[in-house]
Protein chains: 2
Amino acid sequence: MSKPIKQIILDHGSGGKASQELIEKLFLPFFDNPFLREMNDSAVLSLGDLKLAFSTDSYTVNPVIFPGGNIGALAIHGTVNDLAMRGANPLYLSVGFIIEEGLSGEMLETIVSTMQKAAQEAGIYVVTGDTKVVPKGQADKIFINTSGIGIIKDGVDIAGQNARPGDLILINGSIGDHGMCILCQREGMSFNTPIKSDTAPLNKLVEQILEVSPHIHVLRDPTRGGVATTLNEIAQQSQVGIELWEEHLPFHESVLGAAEILGLDPLYLANEGKMLVFVVKEDAEKVLEVMRSHPYGREAAIIGEVRSEPQAKVWMRTKLGSKRLIDMLVGEPLPRIC
Amino acid sequence: MSKPIKQIILDHGSGGKASQELIEKLFLPFFDNPFLREMNDSAVLSLGDLKLAFSTDSYTVNPVIFPGGNIGALAIHGTVNDLAMRGANPLYLSVGFIIEEGLSGEMLETIVSTMQKAAQEAGIYVVTGDTKVVPKGQADKIFINTSGIGIIKDGVDIAGQNARPGDLILINGSIGDHGMCILCQREGMSFNTPIKSDTAPLNKLVEQILEVSPHIHVLRDPTRGGVATTLNEIAQQSQVGIELWEEHLPFHESVLGAAEILGLDPLYLANEGKMLVFVVKEDAEKVLEVMRSHPYGREAAIIGEVRSEPQAKVWMRTKLGSKRLIDMLVGEPLPRIC
């Protein structure tokens, strides 16, 4: 970990180990401050009497349009979700477009109209924006950055550092859909039922589960690096062990099938409409019930438990009863997934 | 203006007429809301007792490193300045990197360390970030988005809509330096004294002039499209006429010389450390004095005046006493200038 970074490689954008290394070697040493050092989906800022969440993400997904959505939907949902993962109520978004010369007006309109629908569903406003156009060949079609602001209610304290032994871990539905959708598009694989991205705004669902339990400790959306990498981050941040229960993990058959053909572990595939919820055991069933009654939580499940040790480790209790260590993502199976 | 946009061209990113058309035809119809419709450098949001400014910009400048700065300096200064142009005190920035596979670690470190120095000088924190890496050839080296939050004090109301007949117009120094610097780099032109970008954070200077005058109506940084385009925007937003005084316009000789060789009007060249200040006549000398005593305002000048008509027009009173209409930028003389 002590060698300087010679060259940026695709792995540095994977959301996995190399991304962590880039942040630790380059960004943290320069930008070091308590907000950034927390390494959560959003920074939490105290301004006057308000607690604000502030978050940013750039979207470079290829292809731009895919089953279940397009880059515009991702750009709204992704930042809305990053804010919601701190328990914030997302309010306002900025949008920055970088467009390659020659993009069709029709495609841009499709993207922008999808963004507007997504913003409306999430109940947020796009209040400020910027557009840059770069010459043909100097970008690929369109990249979008969204940044967002939300308000966190008094008493809400949700962060990757807050997992506690005994917490149960829930997910609001099937794992790996977005990643496998993009992969199939990219590889030209087709199935009887096409695999659709799960891209969705989760803020309303978060609002509902916060209403039934004041003991939600961690929320995080397992995007790049998937469920496996996200749980490893939380295990590190909270210095706890995490046990996953294989038989409870919700997968769509089509995703499992494609993963088997491709030799990929769907636990490392990106999700864009899923969240991991860490909650005290006593409230888990209540939260599960609320999730299952919401359109974005129908297939919700309790998938694991937090242990006091081994610290900073994630493992799976397999269907056969054995234990298997689940590491962070190493390498980049699929660039430009989001 | 009623035909749909068939294809995105470089002009759409120029900051000039085509940019305005893109916003009016595509972004406003979909995202329409009172914040966005204002079309100022930042949105102003009321949250609890607070008035927040929120702004975003993506930076794609080519070359990445240039005399006087690099893309990292631009990315911090640009968003700090957009916040300051609403009279806000900039506090927190987000950073989103899109990096082309293969960028050298050294170059990234140069950029990031420059960003940190710029952030420190401006007195702001980079609190949240995101990094995407795209395969070689799918972006050019590095693009950076920054978004920012600032607080606006009670009683401060600065916007492009607020220019009033009788206001004098000041600028804090020489015009066109950044644009000409990038152009010379791109064209391989060199001079005895290289033309340096003026990139600089203006928030401290804004703070100082707001202290001496409560009657500052408009602040705006003439970036893409230059002084000419920016003044046209303000003339449209405030429904006033603007008269510029040629003999008072501050230019560096080197910029004028290069502009003559290239057949360009420096009034359309981008600036990255300049602002236009509209203030009531009575306070203009006071503001000028404060500006001239600040490192980023040594060459400040009073360059024009607001008239009641002709509305939405900008013209120059030339050295010879004649009048020349100054239109918005049409066309894109220089893509990827910021």
# chains A, B, ... in the order shown; residues from 1 in each chain; ligands from 1

call {"tool": "select_by_dssp", "arguments": {"residues": "range 42-223 of chain A", "states": "alpha helix (DSSP H)", "output": "number ranges by chain"}}
result
A: 71-84, 105-122, 177-187, 203-212

call {"tool": "residues_around", "arguments": {"residues": "Thr199 in chain A", "least_positions_apart": "6", "cutoff": "10 Å", "atoms": "only C-alpha atoms", "output": "number ranges by chain"}}
result
A: 68-71, 73-78, 177-178, 271-274, 296

call {"tool": "write_last_selection", "arguments": {"atoms": "N, CA, C and O atoms", "output": "compact mmCIF listing (two decimals), in the first residue's frame"}}
result
# COMPACT_ATOMS: atom_id res chain seq x y z
N GLY A 68 -34.90 -1.28 -18.66
CA GLY A 68 -35.21 -0.82 -17.31
C GLY A 68 -34.82 0.62 -17.05
O GLY A 68 -35.16 1.16 -15.99
N GLY A 69 -34.12 1.27 -17.98
CA GLY A 69 -33.77 2.66 -17.71
C GLY A 69 -32.75 3.22 -18.68
O GLY A 69 -32.48 2.66 -19.74
N ASN A 70 -32.17 4.35 -18.32
CA ASN A 70 -31.07 4.94 -19.08
C ASN A 70 -30.22 5.76 -18.12
O ASN A 70 -30.51 5.84 -16.92
N ILE A 71 -29.16 6.36 -18.67
CA ILE A 71 -28.19 7.08 -17.83
C ILE A 71 -28.87 8.20 -17.02
O ILE A 71 -28.44 8.51 -15.90
N ALA A 73 -31.95 8.16 -15.70
CA ALA A 73 -32.60 7.58 -14.53
C ALA A 73 -31.55 7.28 -13.46
O ALA A 73 -31.71 7.62 -12.28
N LEU A 74 -30.44 6.66 -13.87
CA LEU A 74 -29.35 6.36 -12.93
C LEU A 74 -28.88 7.62 -12.22
O LEU A 74 -28.63 7.63 -11.02
N ALA A 75 -28.72 8.71 -13.01
CA ALA A 75 -28.13 9.93 -12.46
C ALA A 75 -29.03 10.55 -11.39
O ALA A 75 -28.54 11.10 -10.40
N ILE A 76 -30.33 10.46 -11.58
CA ILE A 76 -31.24 10.97 -10.55
C ILE A 76 -31.31 9.99 -9.38
O ILE A 76 -31.10 10.36 -8.21
N HIS A 77 -31.58 8.72 -9.68
CA HIS A 77 -31.75 7.73 -8.61
C HIS A 77 -30.48 7.61 -7.76
O HIS A 77 -30.55 7.52 -6.54
N GLY A 78 -29.33 7.60 -8.42
CA GLY A 78 -28.08 7.36 -7.70
C GLY A 78 -27.83 8.40 -6.63
O GLY A 78 -27.49 8.06 -5.48
N ASP A 177 -29.12 -7.30 -10.37
CA ASP A 177 -29.89 -7.09 -11.62
C ASP A 177 -29.25 -6.03 -12.52
O ASP A 177 -29.12 -6.24 -13.72
N HIS A 178 -28.87 -4.88 -11.94
CA HIS A 178 -28.33 -3.81 -12.80
C HIS A 178 -27.03 -4.26 -13.48
O HIS A 178 -26.87 -4.12 -14.70
N ASN A 271 -25.93 -2.89 -8.10
CA ASN A 271 -27.37 -2.71 -7.96
C ASN A 271 -27.63 -1.21 -7.97
O ASN A 271 -26.82 -0.44 -7.46
N GLU A 272 -28.77 -0.80 -8.51
CA GLU A 272 -29.06 0.63 -8.54
C GLU A 272 -30.40 0.99 -7.91
O GLU A 272 -30.82 2.14 -7.95
N GLY A 273 -31.05 -0.03 -7.34
CA GLY A 273 -32.32 0.25 -6.65
C GLY A 273 -32.41 -0.61 -5.40
O GLY A 273 -33.50 -0.95 -4.95
N LYS A 274 -31.27 -0.94 -4.85
CA LYS A 274 -31.25 -1.78 -3.66
C LYS A 274 -30.53 -1.08 -2.52
O LYS A 274 -29.66 -0.23 -2.75
N TYR A 296 -40.88 -1.04 -4.17
CA TYR A 296 -39.45 -1.30 -4.34
C TYR A 296 -38.88 -2.23 -3.27
O TYR A 296 -37.67 -2.29 -3.06

call {"tool": "residues_around", "arguments": {"residues": "Met275 in chain A", "least_positions_apart": "2", "cutoff": "7 Å", "atoms": "only C-alpha atoms", "output": "list of chain:residue names"}}
result
A:Ile171, A:Asn172, A:Leu219, A:Arg220, A:Asp221, A:Pro222, A:Gly273, A:Val277

call {"tool": "write_last_selection", "arguments": {"atoms": "N, CA, C and O atoms", "output": "CSV table (one decimal), in the first residue's frame"}}
result
chain,number,residue,atom,x,y,z
A,171,ILE,N,-32.2,-6.6,2.9
A,171,ILE,CA,-32.0,-6.0,1.6
A,171,ILE,C,-33.4,-6.0,1.0
A,171,ILE,O,-34.3,-6.8,1.3
A,172,ASN,N,-33.7,-5.0,0.2
A,172,ASN,CA,-35.1,-4.8,-0.3
A,172,ASN,C,-35.4,-5.5,-1.6
A,172,ASN,O,-36.5,-5.3,-2.2
A,219,LEU,N,-27.5,2.4,6.5
A,219,LEU,CA,-28.2,2.2,5.2
A,219,LEU,C,-27.1,2.3,4.2
A,219,LEU,O,-26.3,3.3,4.2
A,220,ARG,N,-27.0,1.4,3.2
A,220,ARG,CA,-26.1,1.7,2.1
A,220,ARG,C,-26.6,1.0,0.8
A,220,ARG,O,-27.1,-0.1,0.9
A,221,ASP,N,-26.4,1.7,-0.3
A,221,ASP,CA,-26.8,1.1,-1.6
A,221,ASP,C,-25.6,0.4,-2.2
A,221,ASP,O,-24.6,1.0,-2.5
A,222,PRO,N,-25.8,-0.9,-2.4
A,222,PRO,CA,-24.6,-1.7,-3.0
A,222,PRO,C,-24.5,-1.5,-4.5
A,222,PRO,O,-24.9,-2.4,-5.2
A,273,GLY,N,-31.0,0.0,-7.3
A,273,GLY,CA,-32.3,0.2,-6.7
A,273,GLY,C,-32.4,-0.6,-5.4
A,273,GLY,O,-33.5,-1.0,-5.0
A,277,VAL,N,-29.9,-2.7,4.9
A,277,VAL,CA,-30.4,-2.0,6.1
A,277,VAL,C,-29.9,-2.8,7.3
A,277,VAL,O,-30.1,-4.0,7.4

call {"tool": "residues_around", "arguments": {"residues": "Lys204 in chain B", "least_positions_apart": "6", "cutoff": "10 Å", "atoms": "only C-alpha atoms", "output": "count of residues only"}}
result
10

call {"tool": "atom_distance", "arguments": {"atom1": "CA of Leu10 in chain B", "atom2": "CA of Thr60 in chain A"}}
result
19.8 Å

call {"tool": "closest_residue", "arguments": {"among": "A:Phe66, A:Tyr268, A:Phe30, A:Trp315", "to": "Gly331 in chain A", "atoms": "only C-alpha atoms"}}
result
A:Tyr268

call {"tool": "closest_residue", "arguments": {"among": "A:Pro335, A:Pro67, A:Gly166, A:Pro201", "to": "chain B", "atoms": "only C-alpha atoms"}}
result
A:Pro335

call {"tool": "select_by_dssp", "arguments": {"residues": "range 3-244 of chain B", "states": "strand (DSSP E)", "output": "PyMOL selection string"}}
result
chain B and resi 43-47+50-59+65-66+69-70+88-100+125-134+142-152+168-171+216-220+241-244

call {"tool": "atom_distance", "arguments": {"atom1": "CA of Gly16 in chain A", "atom2": "CA of Met291 in chain A"}}
result
28.1 Å

call {"tool": "closest_residue", "arguments": {"among": "B:Leu334, B:Val240, B:Val290, B:Ile234", "to": "chain A", "atoms": "only C-alpha atoms"}}
result
B:Leu334

call {"tool": "atom_distance", "arguments": {"atom1": "CA of Thr229 in chain A", "atom2": "CA of Phe251 in chain A"}}
result
17.1 Å

call {"tool": "closest_residue", "arguments": {"among": "A:Ser254, A:Asn232, A:Ser94, A:Asn62", "to": "chain B", "atoms": "only C-alpha atoms"}}
result
A:Ser94

call {"tool": "residues_around", "arguments": {"residues": "range 138-147 of chain A", "least_positions_apart": "3", "cutoff": "7 Å", "atoms": "only C-alpha atoms", "output": "VMD selection string"}}
result
(chain A and resid 55 to 60 75 to 76 79 93 to 100 103 134 to 135) or (chain B and resid 138 to 140 145 147)

call {"tool": "residues_around", "arguments": {"residues": "Ser46 in chain B", "least_positions_apart": "5", "cutoff": "12 Å", "atoms": "only C-alpha atoms", "output": "number ranges by chain"}}
result
A: 50, 91-92; B: 35, 51-54, 150-154

call {"tool": "write_last_selection", "arguments": {"atoms": "all heavy atoms", "output": "compact mmCIF listing (two decimals), in the first residue's frame"}}
result
# COMPACT_ATOMS: atom_id res chain seq x y z
N LEU A 50 -29.59 23.39 10.94
CA LEU A 50 -29.89 22.30 10.01
C LEU A 50 -28.76 21.28 9.91
O LEU A 50 -27.59 21.63 10.01
CB LEU A 50 -30.12 22.87 8.61
CG LEU A 50 -31.37 23.70 8.39
CD1 LEU A 50 -31.39 24.19 6.95
CD2 LEU A 50 -32.62 22.88 8.67
N LEU A 91 -33.79 16.87 -1.45
CA LEU A 91 -34.61 18.01 -1.88
C LEU A 91 -34.21 18.57 -3.25
O LEU A 91 -35.05 18.77 -4.10
CB LEU A 91 -34.50 19.14 -0.85
CG LEU A 91 -35.05 18.84 0.54
CD1 LEU A 91 -34.73 20.00 1.48
CD2 LEU A 91 -36.56 18.60 0.48
N TYR A 92 -32.92 18.85 -3.41
CA TYR A 92 -32.47 19.58 -4.59
C TYR A 92 -31.28 18.89 -5.24
O TYR A 92 -30.37 18.44 -4.55
CB TYR A 92 -32.05 21.00 -4.19
CG TYR A 92 -33.17 21.79 -3.55
CD1 TYR A 92 -33.11 22.15 -2.20
CD2 TYR A 92 -34.29 22.15 -4.28
CE1 TYR A 92 -34.13 22.87 -1.61
CE2 TYR A 92 -35.32 22.88 -3.69
CZ TYR A 92 -35.24 23.24 -2.37
OH TYR A 92 -36.25 23.95 -1.79
N PHE B 35 -36.50 27.90 -9.43
CA PHE B 35 -35.06 28.02 -9.15
C PHE B 35 -34.27 28.05 -10.46
O PHE B 35 -33.42 28.90 -10.69
CB PHE B 35 -34.58 26.85 -8.31
CG PHE B 35 -35.42 26.60 -7.10
CD1 PHE B 35 -36.34 25.57 -7.07
CD2 PHE B 35 -35.30 27.42 -5.99
CE1 PHE B 35 -37.12 25.33 -5.95
CE2 PHE B 35 -36.07 27.20 -4.87
CZ PHE B 35 -36.99 26.15 -4.85
N LYS B 51 -30.51 30.89 3.82
CA LYS B 51 -30.56 31.07 2.37
C LYS B 51 -29.28 30.47 1.82
O LYS B 51 -28.18 30.97 2.09
CB LYS B 51 -30.68 32.56 2.03
CG LYS B 51 -31.64 32.82 0.90
CD LYS B 51 -32.17 34.25 0.87
CE LYS B 51 -31.09 35.21 0.39
NZ LYS B 51 -31.60 36.57 0.15
N LEU B 52 -29.42 29.37 1.07
CA LEU B 52 -28.26 28.68 0.53
C LEU B 52 -28.10 28.98 -0.95
O LEU B 52 -29.09 29.05 -1.68
CB LEU B 52 -28.43 27.16 0.64
CG LEU B 52 -28.28 26.45 1.96
CD1 LEU B 52 -28.26 24.95 1.71
CD2 LEU B 52 -27.01 26.89 2.67
N ALA B 53 -26.84 29.08 -1.40
CA ALA B 53 -26.56 29.07 -2.83
C ALA B 53 -26.02 27.69 -3.17
O ALA B 53 -25.27 27.10 -2.39
CB ALA B 53 -25.54 30.15 -3.18
N PHE B 54 -26.41 27.17 -4.34
CA PHE B 54 -26.03 25.82 -4.76
C PHE B 54 -25.67 25.91 -6.24
O PHE B 54 -26.44 26.46 -7.03
CB PHE B 54 -27.21 24.88 -4.52
CG PHE B 54 -27.00 23.43 -4.88
CD1 PHE B 54 -25.76 22.82 -4.72
CD2 PHE B 54 -28.07 22.67 -5.35
CE1 PHE B 54 -25.59 21.47 -5.03
CE2 PHE B 54 -27.91 21.32 -5.66
CZ PHE B 54 -26.67 20.72 -5.50
N GLY B 150 -23.02 27.44 -0.51
CA GLY B 150 -22.60 28.61 0.25
C GLY B 150 -23.79 29.21 0.97
O GLY B 150 -24.94 28.86 0.68
N ILE B 151 -23.50 30.09 1.91
CA ILE B 151 -24.58 30.74 2.66
C ILE B 151 -24.67 32.21 2.28
O ILE B 151 -23.65 32.89 2.16
CB ILE B 151 -24.35 30.57 4.17
CG1 ILE B 151 -24.62 29.11 4.53
CG2 ILE B 151 -25.24 31.50 4.98
CD1 ILE B 151 -24.73 28.87 6.00
N ILE B 152 -25.89 32.66 2.08
CA ILE B 152 -26.12 34.07 1.74
C ILE B 152 -26.65 34.78 2.98
O ILE B 152 -27.62 34.34 3.59
CB ILE B 152 -27.14 34.18 0.59
CG1 ILE B 152 -26.59 33.45 -0.64
CG2 ILE B 152 -27.44 35.65 0.28
CD1 ILE B 152 -27.57 33.38 -1.80
N LYS B 153 -25.98 35.87 3.32
CA LYS B 153 -26.39 36.65 4.50
C LYS B 153 -27.74 37.31 4.28
O LYS B 153 -28.10 37.66 3.15
CB LYS B 153 -25.36 37.74 4.77
CG LYS B 153 -24.20 37.28 5.63
CD LYS B 153 -23.40 38.51 6.09
CE LYS B 153 -21.99 38.11 6.47
NZ LYS B 153 -21.03 39.21 6.39
N ASP B 154 -28.44 37.56 5.37
CA ASP B 154 -29.71 38.29 5.30
C ASP B 154 -29.50 39.63 4.60
O ASP B 154 -28.51 40.32 4.84
CB ASP B 154 -30.22 38.59 6.73
CG ASP B 154 -31.04 37.44 7.26
OD1 ASP B 154 -31.41 36.55 6.45
OD2 ASP B 154 -31.28 37.40 8.48

call {"tool": "residues_around", "arguments": {"residues": "Arg186 in chain A", "least_positions_apart": "4", "cutoff": "9 Å", "atoms": "only C-alpha atoms", "output": "PDB file with N, CA and C atoms, in the first residue's frame"}}
result
ATOM      1  N   ASN A  62     -22.442   2.620 -20.014  1.00  0.00           N
ATOM      2  CA  ASN A  62     -22.394   2.257 -21.420  1.00  0.00           C
ATOM      3  C   ASN A  62     -23.004   0.861 -21.564  1.00  0.00           C
ATOM      4  N   PRO A  63     -24.067   0.660 -22.320  1.00  0.00           N
ATOM      5  CA  PRO A  63     -24.774   1.626 -23.165  1.00  0.00           C
ATOM      6  C   PRO A  63     -25.572   2.645 -22.359  1.00  0.00           C
ATOM      7  N   CYS A 181     -27.699  -6.814 -16.152  1.00  0.00           N
ATOM      8  CA  CYS A 181     -28.392  -6.180 -17.285  1.00  0.00           C
ATOM      9  C   CYS A 181     -27.378  -5.513 -18.213  1.00  0.00           C
ATOM     10  N   ILE A 182     -26.484  -4.714 -17.631  1.00  0.00           N
ATOM     11  CA  ILE A 182     -25.488  -3.993 -18.441  1.00  0.00           C
ATOM     12  C   ILE A 182     -24.540  -4.980 -19.115  1.00  0.00           C
TER      13      ILE A 182
END

call {"tool": "closest_residue", "arguments": {"among": "B:Pro165, B:Gly102, B:Gly72, B:Gly188", "to": "chain A", "atoms": "only C-alpha atoms"}}
result
B:Gly102
